[in-house]
Amino acid sequence: MSNQQKKLSERIEYLTQQLNHHSHQYYVLDAPEIPDAEYDRLFRELQQIEAEHPELKKIDSPTQRVGGEPLAAFSQVKHRIPMLSLGNVFDEQELQDFYKRVADRLKIDMQSDQAIEFTAEPKLDGLAISLVYEKGILVQAATRGDGNVGEKVTENARTIRNIPLHLSGTDIPDLLEVRGEVFMSKAVFEKLNNKAREKGEKTFVNPRNAAAGSLRQLDSKIAASRELSMYCYAVGVVEGYQLPATHSEILEKLGQWGMPLCSEVEVVKGVDGCRQYYEKIGQQRDALAYDIDGVVYKVNDLKLQQQLGFVARAPRWATAHKFPAQEEITCVNAIEFQVGRTGALTPVARLQPVFVGGVTVSNATLHNMDEVRRKDVRVGDQVIIRRAGDVIPEVASVVPGKRKAGSVEVELPKACPVCGSDVVQEEGGAVARCSGGLYCHAQRKEGIKHFASRRAMDIDGLGDKLVEQLVDARLIDHIDDLYSLKDKVEEIVAMERMAKKSAENLIESLEKSKRTTLPRFIFALGIREVGEVTAASLANHFGDIQGLMQASEEELINIDDVGPVVASRVVTFFSQQHNIEVINKLIEAGISWPPIEIKQASELTLSGLSFVVTGTLSSMSRNDAKQRLIDKGAKVVGSVSKNTSYVVVGENPGSKAAKAEQLGIDILDEEAFLAFINK
Ligand code: IVH
């Protein structure tokens, strides 16, 4: 070896060691030590040396992470030890039966306090992988396949950032097969699907399908772009190393070698410990960064595992305890179009009712015509309905091969299904609208519902159903008619399912709602594109409604949070004489709000920062928290993105907290949040 080659080899070794260390810090421990740019610089240097001296490139080089030449086909791999599946339990009885079977075989008296110890783990919803390390170096990765023979996906596995390309630490076995689950995090799944939607491409049905499709890509560069992750949960073949005596210690050892582990794994005792774990993880399910479909219990002691052995293709010493399904198949009975407050037509699938994600679902939005075309949903189709966490149910995809002959593509109606006015397609947008405006019953109803809603005028007792009834009975036409309802109590009482007391309560709520705030009033008007946050900005800027009514587009654009689209919507709204009349009538009816003090720039200490508030706070409501932030000039938005400055997290936060963690956004708990706004 020449002197220069020796030097280069040393440099390669140094760069490899550095990159592996920082990659582990970042992807496994979630504790980066250097900025991304520094990592990229080291990475590029290694790439360049390897390009100039291919003979020096190693198979566990970190540059393998970006993928290489596409394969023509996958070769097959026979698993030396078959990759088995797991038995399932679905309820308390089946859990007890499982425990009893285990206890009986181990001759343990159920009544004794000799509780069997299990490791309890989330059941990750991805696909199984086998990773073979020879003398600590990753040499082969394979899918489960039929359990005996899988596909060799080594190149793709190398692109998964938290899979170590070689093991670290001491006591490295001569041969080690690690098994685990490859999955796509919810945040990556959302990101990929959003990108696909923007490009008009097909979206993935769920993170599991996305992970499976990505791991089985012949082009490893595509696999690399999918940002998959992996957690390990078992060991297959081992040579040249004596494994510890329990499953939990094996996992610990894998962690010491740098293998990624799921942080929710626990050791529990007895059937009670299993049940408690199941309930706890069930509560955390929505907030976890990845999909799970249950939990897995494994007898912890390997000797006991051996004693128990296997039945058919599953171990007797383990079982999956499944959560209620988040996906089900059902039939589309009809596709109808709903007309919203702004006239937007939304296609909705009317479904054969199906129990999914803990509720019975009989309708699912199809969002817009682009979505209908992309998914090609038709009446009569069998579809997969997905309801994950608190997300609204959606048609994930059509079940292929089940379409009935003679089915037809869905078409956008030419006339509004409610008022018969022309439907117009917005330029460049996916949205189609009824052109009927206030002539359209549906738009009027939706406008009134919005006006009455909790975050707008907060008219207690005036729910959606009652609005429909009142409009249908011609007791109200527009929002300003609400405040003359007090002269129509008899007519209200005459309506179906309406008692005198409810009518009186409604009148009282209406009276009460007259004392409001300017931001609420502006929001309640239902100006297109003016949500709560924009309404608050407008109120703060103008201090009264008159100023806003006369504002020009130029003045509006200069306000925080107002862009050209909002500015033009606001000006259009106030240029319509009937809108001015409605506002005047409302004010004449007695709607009022306390004066707004216009804030000085020096009071807006949080201006330029953007916040998301999620979960339940103990000292105030979420809306109050938002208001406090807005008062200090902060922007409050609904979803977490890389532009979010802070996420305020209360009790039982949803997926937003997980997303913030994923994106590395600063999280404030309630205490930190209070300190922050009082600063
Ligand atoms: S253990 C012999 N642990 O579930 C036991 N499997 O239904 C082998 N899975 O193919 C599996 N999370 O892909 C185990 N914590 C976990 C798991 C898990 C997900 C998957 C795995 C397996 C399937 C069996």
# chains A, B, ... in the order shown; residues from 1 in each chain; ligands from 1
>>> residues_around(residues="Asp113 (chain A)", least_positions_apart="3", cutoff="12 Å", atoms="only C-alpha atoms", output="list in words")
Ala103, Ile108, Asp109, Met110, Ile116, Glu117, Lys269, Gly270, Val271 and Asp272 of chain A
>>> closest_atom_pairs(of="chain A", to="ligand 1", cutoff="6 Å", atoms="only C-alpha atoms and all ligand atoms", output="tab-separated table")
residue	atom	partner	partner_atom_place_in_ligand_line	distance
A:Leu84	CA	ligand 1	2 (C)	5.0
A:Ser85	CA	ligand 1	24 (C)	4.0
A:Leu86	CA	ligand 1	7 (O)	4.4
A:Glu121	CA	ligand 1	15 (N)	4.9
A:Pro122	CA	ligand 1	15 (N)	5.4
A:Lys123	CA	ligand 1	12 (N)	3.5
A:Leu124	CA	ligand 1	12 (N)	4.0
A:Asp125	CA	ligand 1	19 (C)	5.9
A:Leu127	CA	ligand 1	13 (O)	4.9
A:Ala128	CA	ligand 1	13 (O)	3.8
A:Glu181	CA	ligand 1	13 (O)	5.5
A:Tyr233	CA	ligand 1	3 (N)	5.1
A:Val296	CA	ligand 1	15 (N)	5.6
A:Pro315	CA	ligand 1	2 (C)	5.6
>>> write_last_selection(atoms="all heavy atoms", output="tab-separated table (two decimals), in the first residue's frame")
chain	number	residue	atom	x	y	z
A	84	LEU	N	-41.41	-16.48	12.52
A	84	LEU	CA	-42.75	-16.92	12.86
A	84	LEU	C	-43.71	-15.75	12.99
A	84	LEU	O	-43.32	-14.59	12.94
A	84	LEU	CB	-42.71	-17.69	14.18
A	84	LEU	CG	-41.79	-18.91	14.15
A	84	LEU	CD1	-41.73	-19.54	15.52
A	84	LEU	CD2	-42.26	-19.91	13.10
A	85	SER	N	-44.97	-16.11	13.16
A	85	SER	CA	-45.93	-15.05	13.45
A	85	SER	C	-46.38	-15.19	14.90
A	85	SER	O	-45.83	-16.00	15.65
A	85	SER	CB	-47.11	-15.14	12.49
A	85	SER	OG	-47.72	-16.38	12.65
A	86	LEU	N	-47.36	-14.40	15.30
A	86	LEU	CA	-47.80	-14.39	16.68
A	86	LEU	C	-49.28	-14.75	16.76
A	86	LEU	O	-50.04	-14.41	15.86
A	86	LEU	CB	-47.66	-12.97	17.26
A	86	LEU	CG	-46.26	-12.47	17.59
A	86	LEU	CD1	-46.32	-10.98	17.88
A	86	LEU	CD2	-45.70	-13.22	18.80
A	121	GLU	N	-44.37	-5.05	24.80
A	121	GLU	CA	-43.84	-4.16	23.76
A	121	GLU	C	-44.99	-3.69	22.87
A	121	GLU	O	-45.96	-4.41	22.69
A	121	GLU	CB	-42.86	-4.93	22.86
A	121	GLU	CG	-41.81	-5.70	23.62
A	121	GLU	CD	-40.97	-6.63	22.73
A	121	GLU	OE1	-41.14	-6.59	21.49
A	121	GLU	OE2	-40.16	-7.38	23.28
A	122	PRO	N	-44.87	-2.51	22.31
A	122	PRO	CA	-45.86	-2.11	21.31
A	122	PRO	C	-45.78	-3.05	20.11
A	122	PRO	O	-44.69	-3.52	19.78
A	122	PRO	CB	-45.43	-0.71	20.90
A	122	PRO	CG	-44.57	-0.22	22.01
A	122	PRO	CD	-43.89	-1.43	22.56
A	123	LYS	N	-46.90	-3.34	19.50
A	123	LYS	CA	-46.87	-4.11	18.25
A	123	LYS	C	-46.81	-3.12	17.10
A	123	LYS	O	-47.81	-2.48	16.75
A	123	LYS	CB	-48.09	-5.02	18.13
A	123	LYS	CG	-47.99	-5.95	16.94
A	123	LYS	CD	-49.06	-7.02	16.99
A	123	LYS	CE	-48.86	-8.08	15.92
A	123	LYS	NZ	-48.90	-7.56	14.57
A	124	LEU	N	-45.62	-2.97	16.59
A	124	LEU	CA	-45.38	-1.95	15.56
A	124	LEU	C	-46.06	-2.37	14.27
A	124	LEU	O	-46.02	-3.55	13.90
A	124	LEU	CB	-43.87	-1.82	15.34
A	124	LEU	CG	-43.09	-1.52	16.62
A	124	LEU	CD1	-41.65	-1.95	16.50
A	124	LEU	CD2	-43.20	-0.04	16.96
A	125	ASP	N	-46.67	-1.41	13.60
A	125	ASP	CA	-47.43	-1.75	12.39
A	125	ASP	C	-46.60	-1.45	11.15
A	125	ASP	O	-46.80	-0.44	10.48
A	125	ASP	CB	-48.74	-0.96	12.39
A	125	ASP	CG	-49.78	-1.64	11.52
A	125	ASP	OD1	-49.49	-2.73	11.00
A	125	ASP	OD2	-50.87	-1.08	11.38
A	127	LEU	N	-43.38	-3.83	8.73
A	127	LEU	CA	-43.11	-5.19	8.25
A	127	LEU	C	-41.81	-5.69	8.84
A	127	LEU	O	-40.90	-4.91	9.13
A	127	LEU	CB	-43.11	-5.26	6.72
A	127	LEU	CG	-41.98	-4.61	5.96
A	127	LEU	CD1	-41.89	-5.22	4.58
A	127	LEU	CD2	-42.23	-3.11	5.85
A	128	ALA	N	-41.78	-7.02	9.02
A	128	ALA	CA	-40.66	-7.63	9.72
A	128	ALA	C	-39.42	-7.63	8.83
A	128	ALA	O	-39.51	-7.74	7.60
A	128	ALA	CB	-41.02	-9.05	10.11
A	181	GLU	N	-38.89	-4.57	13.21
A	181	GLU	CA	-39.96	-4.06	12.34
A	181	GLU	C	-39.49	-2.79	11.65
A	181	GLU	O	-38.97	-1.88	12.29
A	181	GLU	CB	-41.19	-3.76	13.22
A	181	GLU	CG	-42.47	-3.59	12.46
A	181	GLU	CD	-43.19	-4.92	12.20
A	181	GLU	OE1	-42.57	-5.99	12.38
A	181	GLU	OE2	-44.36	-4.87	11.79
A	233	TYR	N	-36.80	-6.26	17.86
A	233	TYR	CA	-37.56	-6.90	18.93
A	233	TYR	C	-37.15	-8.34	19.18
A	233	TYR	O	-37.75	-9.01	20.00
A	233	TYR	CB	-39.07	-6.82	18.68
A	233	TYR	CG	-39.54	-7.30	17.32
A	233	TYR	CD1	-39.39	-8.62	16.93
A	233	TYR	CD2	-40.17	-6.42	16.44
A	233	TYR	CE1	-39.82	-9.07	15.71
A	233	TYR	CE2	-40.61	-6.85	15.20
A	233	TYR	CZ	-40.43	-8.18	14.84
A	233	TYR	OH	-40.86	-8.61	13.62
A	296	VAL	N	-47.49	-6.58	22.42
A	296	VAL	CA	-47.04	-7.97	22.40
A	296	VAL	C	-46.51	-8.31	23.78
A	296	VAL	O	-45.77	-7.52	24.37
A	296	VAL	CB	-45.90	-8.17	21.36
A	296	VAL	CG1	-45.48	-9.64	21.31
A	296	VAL	CG2	-46.33	-7.71	19.98
A	315	PRO	N	-45.10	-18.89	18.57
A	315	PRO	CA	-44.61	-19.34	19.87
A	315	PRO	C	-45.76	-19.41	20.88
A	315	PRO	O	-46.67	-18.59	20.83
A	315	PRO	CB	-43.61	-18.25	20.27
A	315	PRO	CG	-44.00	-17.04	19.49
A	315	PRO	CD	-44.68	-17.51	18.25
>>> closest_residue(among="A:Tyr290, A:Arg316, A:Lys414, A:Ala210", to="Asp104 (chain A)", atoms="only C-alpha atoms")
A:Arg316
>>> closest_residue(among="A:Trp257, A:Tyr231, A:Phe204, A:Tyr241", to="Leu167 (chain A)", atoms="only C-alpha atoms")
A:Trp257
>>> residues_around(residues="Arg433 (chain A)", least_positions_apart="2", cutoff="7 Å", atoms="only C-alpha atoms", output="list in words")
Gly343, Ala344, Leu345, Val423, Val424, Gln425, Val431 and Ser435 of chain A
>>> atom_distance(atom1="CA of Glu426 (chain A)", atom2="CA of Ser575 (chain A)")
20.9 Å
>>> atom_distance(atom1="CA of Glu38 (chain A)", atom2="CA of Gln64 (chain A)")
18.6 Å
>>> closest_residue(among="A:Asp301, A:Gly650, A:Arg387, A:Val339", to="Asp286 (chain A)", atoms="only C-alpha atoms")
A:Arg387
>>> closest_residue(among="A:Pro347, A:Gly615, A:Gly590, A:Gly463", to="Ala364 (chain A)", atoms="only C-alpha atoms")
A:Pro347
>>> residues_around(residues="Gly563 (chain A)", least_positions_apart="5", cutoff="12 Å", atoms="only C-alpha atoms", output="PyMOL selection string")
chain A and resi 529-530+534+553-558+568-570
>>> select_by_dssp(residues="region 573-629 of chain A", states="strand (DSSP E or B)", output="list in words")
Ser592, Ser610, Phe611, Val612, Val613, Thr614 and Thr616 of chain A
>>> write_last_selection(atoms="C-alpha atoms", output="PDB file, in the first residue's frame")
ATOM      1  CA  SER A 592     -71.601  45.148  21.486  1.00  0.00           C
ATOM      2  CA  SER A 610     -45.551  30.988  15.827  1.00  0.00           C
ATOM      3  CA  PHE A 611     -47.232  28.638  18.347  1.00  0.00           C
ATOM      4  CA  VAL A 612     -49.337  25.504  18.361  1.00  0.00           C
ATOM      5  CA  VAL A 613     -51.361  24.695  21.493  1.00  0.00           C
ATOM      6  CA  THR A 614     -52.394  21.078  22.089  1.00  0.00           C
ATOM      7  CA  THR A 616     -55.626  20.072  28.046  1.00  0.00           C
TER       8      THR A 616
END
>>> closest_residue(among="A:Val332, A:Ala539, A:Val637, A:Ala73", to="Pro595 (chain A)", atoms="only C-alpha atoms")
A:Ala539
>>> select_by_dssp(residues="region 100-279 of chain A", states="alpha helix (DSSP H)", output="number ranges by chain")
A: 100-105, 154-158, 186-198, 207-215, 220-225, 247-256, 270-279
>>> residues_around(residues="region 247-249 of chain A", least_positions_apart="3", cutoff="8 Å", atoms="only C-alpha atoms", output="list of chain:residue names")
A:Thr119, A:Ala234, A:Pro244, A:Glu252, A:Lys253, A:Val267, A:Lys298, A:Val299, A:Asn300, A:Asp301, A:Leu302
>>> write_last_selection(atoms="N, CA and C atoms", output="compact mmCIF listing (two decimals), in the first residue's frame")
# COMPACT_ATOMS: atom_id res chain seq x y z
N THR A 119 -42.01 -9.45 28.95
CA THR A 119 -41.71 -8.12 28.40
C THR A 119 -42.96 -7.75 27.62
N ALA A 234 -36.15 -8.86 18.48
CA ALA A 234 -35.76 -10.26 18.71
C ALA A 234 -34.41 -10.55 18.08
N PRO A 244 -27.86 -13.45 26.99
CA PRO A 244 -28.31 -13.40 28.38
C PRO A 244 -29.56 -14.28 28.60
N GLU A 252 -31.64 -5.21 25.86
CA GLU A 252 -30.68 -4.24 26.42
C GLU A 252 -29.33 -4.37 25.73
N LYS A 253 -28.92 -5.64 25.53
CA LYS A 253 -27.63 -5.90 24.87
C LYS A 253 -27.65 -5.35 23.44
N VAL A 267 -40.95 -4.38 31.41
CA VAL A 267 -41.12 -5.72 31.99
C VAL A 267 -42.32 -5.64 32.92
N LYS A 298 -44.28 -11.16 25.86
CA LYS A 298 -43.38 -12.29 25.65
C LYS A 298 -42.88 -12.76 27.00
N VAL A 299 -43.01 -14.07 27.27
CA VAL A 299 -42.48 -14.60 28.53
C VAL A 299 -41.00 -14.20 28.57
N ASN A 300 -40.58 -13.60 29.69
CA ASN A 300 -39.26 -12.99 29.69
C ASN A 300 -38.13 -14.01 29.80
N ASP A 301 -38.32 -15.05 30.57
CA ASP A 301 -37.26 -16.01 30.85
C ASP A 301 -37.09 -16.98 29.67
N LEU A 302 -35.89 -17.02 29.08
CA LEU A 302 -35.68 -17.85 27.89
C LEU A 302 -35.85 -19.34 28.19
>>> residues_around(residues="His441 (chain A)", least_positions_apart="6", cutoff="10 Å", atoms="only C-alpha atoms", output="list in words")
Val339, Arg341, Val418, Cys419, Gly447, Glu468, Val471, Asp472 and Asp477 of chain A
>>> residues_around(residues="Val235 (chain A)", least_positions_apart="5", cutoff="10 Å", atoms="only C-alpha atoms", output="PDB file with N, CA and C atoms, in the first residue's frame")
ATOM      1  N   SER A 130     -35.114  -9.068   8.809  1.00  0.00           N
ATOM      2  CA  SER A 130     -34.028  -9.821   9.444  1.00  0.00           C
ATOM      3  C   SER A 130     -32.721  -9.177   8.992  1.00  0.00           C
ATOM      4  N   LEU A 131     -31.859  -8.848   9.948  1.00  0.00           N
ATOM      5  CA  LEU A 131     -30.586  -8.191   9.627  1.00  0.00           C
ATOM      6  C   LEU A 131     -29.462  -9.104  10.082  1.00  0.00           C
ATOM      7  N   VAL A 132     -28.556  -9.431   9.176  1.00  0.00           N
ATOM      8  CA  VAL A 132     -27.455 -10.319   9.560  1.00  0.00           C
ATOM      9  C   VAL A 132     -26.166  -9.517   9.674  1.00  0.00           C
ATOM     10  N   LEU A 176     -24.607 -12.534  14.051  1.00  0.00           N
ATOM     11  CA  LEU A 176     -25.787 -12.132  14.817  1.00  0.00           C
ATOM     12  C   LEU A 176     -26.906 -11.771  13.842  1.00  0.00           C
ATOM     13  N   GLU A 177     -28.050 -12.405  14.017  1.00  0.00           N
ATOM     14  CA  GLU A 177     -29.207 -12.020  13.207  1.00  0.00           C
ATOM     15  C   GLU A 177     -30.177 -11.271  14.110  1.00  0.00           C
ATOM     16  N   VAL A 178     -30.428 -10.024  13.782  1.00  0.00           N
ATOM     17  CA  VAL A 178     -31.350  -9.210  14.571  1.00  0.00           C
ATOM     18  C   VAL A 178     -32.663  -9.113  13.805  1.00  0.00           C
ATOM     19  N   ARG A 179     -33.775  -9.252  14.513  1.00  0.00           N
ATOM     20  CA  ARG A 179     -35.075  -9.135  13.859  1.00  0.00           C
ATOM     21  C   ARG A 179     -35.853  -7.952  14.425  1.00  0.00           C
ATOM     22  N   GLY A 180     -36.597  -7.357  13.586  1.00  0.00           N
ATOM     23  CA  GLY A 180     -37.358  -6.203  14.058  1.00  0.00           C
ATOM     24  C   GLY A 180     -38.356  -5.754  13.019  1.00  0.00           C
ATOM     25  N   LEU A 243     -26.005 -15.609  24.697  1.00  0.00           N
ATOM     26  CA  LEU A 243     -27.061 -14.618  24.968  1.00  0.00           C
ATOM     27  C   LEU A 243     -27.413 -14.598  26.455  1.00  0.00           C
ATOM     28  N   HIS A 247     -35.344 -12.157  27.814  1.00  0.00           N
ATOM     29  CA  HIS A 247     -35.588 -11.373  26.601  1.00  0.00           C
ATOM     30  C   HIS A 247     -35.278  -9.894  26.839  1.00  0.00           C
ATOM     31  N   ILE A 250     -31.678  -9.319  26.556  1.00  0.00           N
ATOM     32  CA  ILE A 250     -31.225  -9.401  25.154  1.00  0.00           C
ATOM     33  C   ILE A 250     -31.460  -8.052  24.466  1.00  0.00           C
ATOM     34  N   LEU A 251     -32.635  -7.501  24.719  1.00  0.00           N
ATOM     35  CA  LEU A 251     -32.934  -6.200  24.101  1.00  0.00           C
ATOM     36  C   LEU A 251     -31.920  -5.152  24.574  1.00  0.00           C
ATOM     37  N   LEU A 254     -28.768  -5.576  22.737  1.00  0.00           N
ATOM     38  CA  LEU A 254     -28.885  -5.064  21.365  1.00  0.00           C
ATOM     39  C   LEU A 254     -28.713  -3.549  21.364  1.00  0.00           C
TER      40      LEU A 254
END
>>> closest_residue(among="A:Leu71, A:Ile137, A:Leu510, A:Val102", to="Lys58 (chain A)", atoms="only C-alpha atoms")
A:Ile137
>>> decode(residues="region 74-110 of chain A", atoms="C-alpha atoms", output="CSV table (one decimal), in the first residue's frame")
chain,number,residue,atom,x,y,z
A,74,PHE,CA,-34.5,-9.2,-5.5
A,75,SER,CA,-32.8,-12.5,-4.8
A,76,GLN,CA,-34.2,-14.9,-2.3
A,77,VAL,CA,-33.0,-15.6,1.1
A,78,LYS,CA,-33.7,-18.7,3.1
A,79,HIS,CA,-34.1,-17.9,6.8
A,80,ARG,CA,-31.9,-20.3,8.9
A,81,ILE,CA,-34.5,-20.0,11.7
A,82,PRO,CA,-38.0,-19.5,10.3
A,83,MET,CA,-39.6,-16.1,11.0
A,84,LEU,CA,-42.8,-16.9,12.9
A,85,SER,CA,-45.9,-15.1,13.4
A,86,LEU,CA,-47.8,-14.4,16.7
A,87,GLY,CA,-51.1,-15.6,18.1
A,88,ASN,CA,-53.7,-12.9,18.9
A,89,VAL,CA,-55.9,-12.0,21.8
A,90,PHE,CA,-58.7,-9.5,21.3
A,91,ASP,CA,-60.3,-9.1,24.7
A,92,GLU,CA,-60.0,-9.6,28.5
A,93,GLN,CA,-61.2,-13.2,28.3
A,94,GLU,CA,-58.8,-14.2,25.6
A,95,LEU,CA,-56.0,-12.5,27.5
A,96,GLN,CA,-56.8,-14.6,30.6
A,97,ASP,CA,-57.0,-17.7,28.5
A,98,PHE,CA,-53.6,-17.0,27.1
A,99,TYR,CA,-52.2,-16.5,30.6
A,100,LYS,CA,-53.8,-19.7,31.9
A,101,ARG,CA,-52.4,-21.7,29.0
A,102,VAL,CA,-48.9,-20.5,29.8
A,103,ALA,CA,-49.3,-21.0,33.5
A,104,ASP,CA,-50.7,-24.5,33.1
A,105,ARG,CA,-47.9,-25.6,30.8
A,106,LEU,CA,-45.4,-24.2,33.3
A,107,LYS,CA,-47.3,-25.9,36.2
A,108,ILE,CA,-47.7,-22.6,37.9
A,109,ASP,CA,-50.8,-22.3,40.1
A,110,MET,CA,-52.9,-19.3,38.9
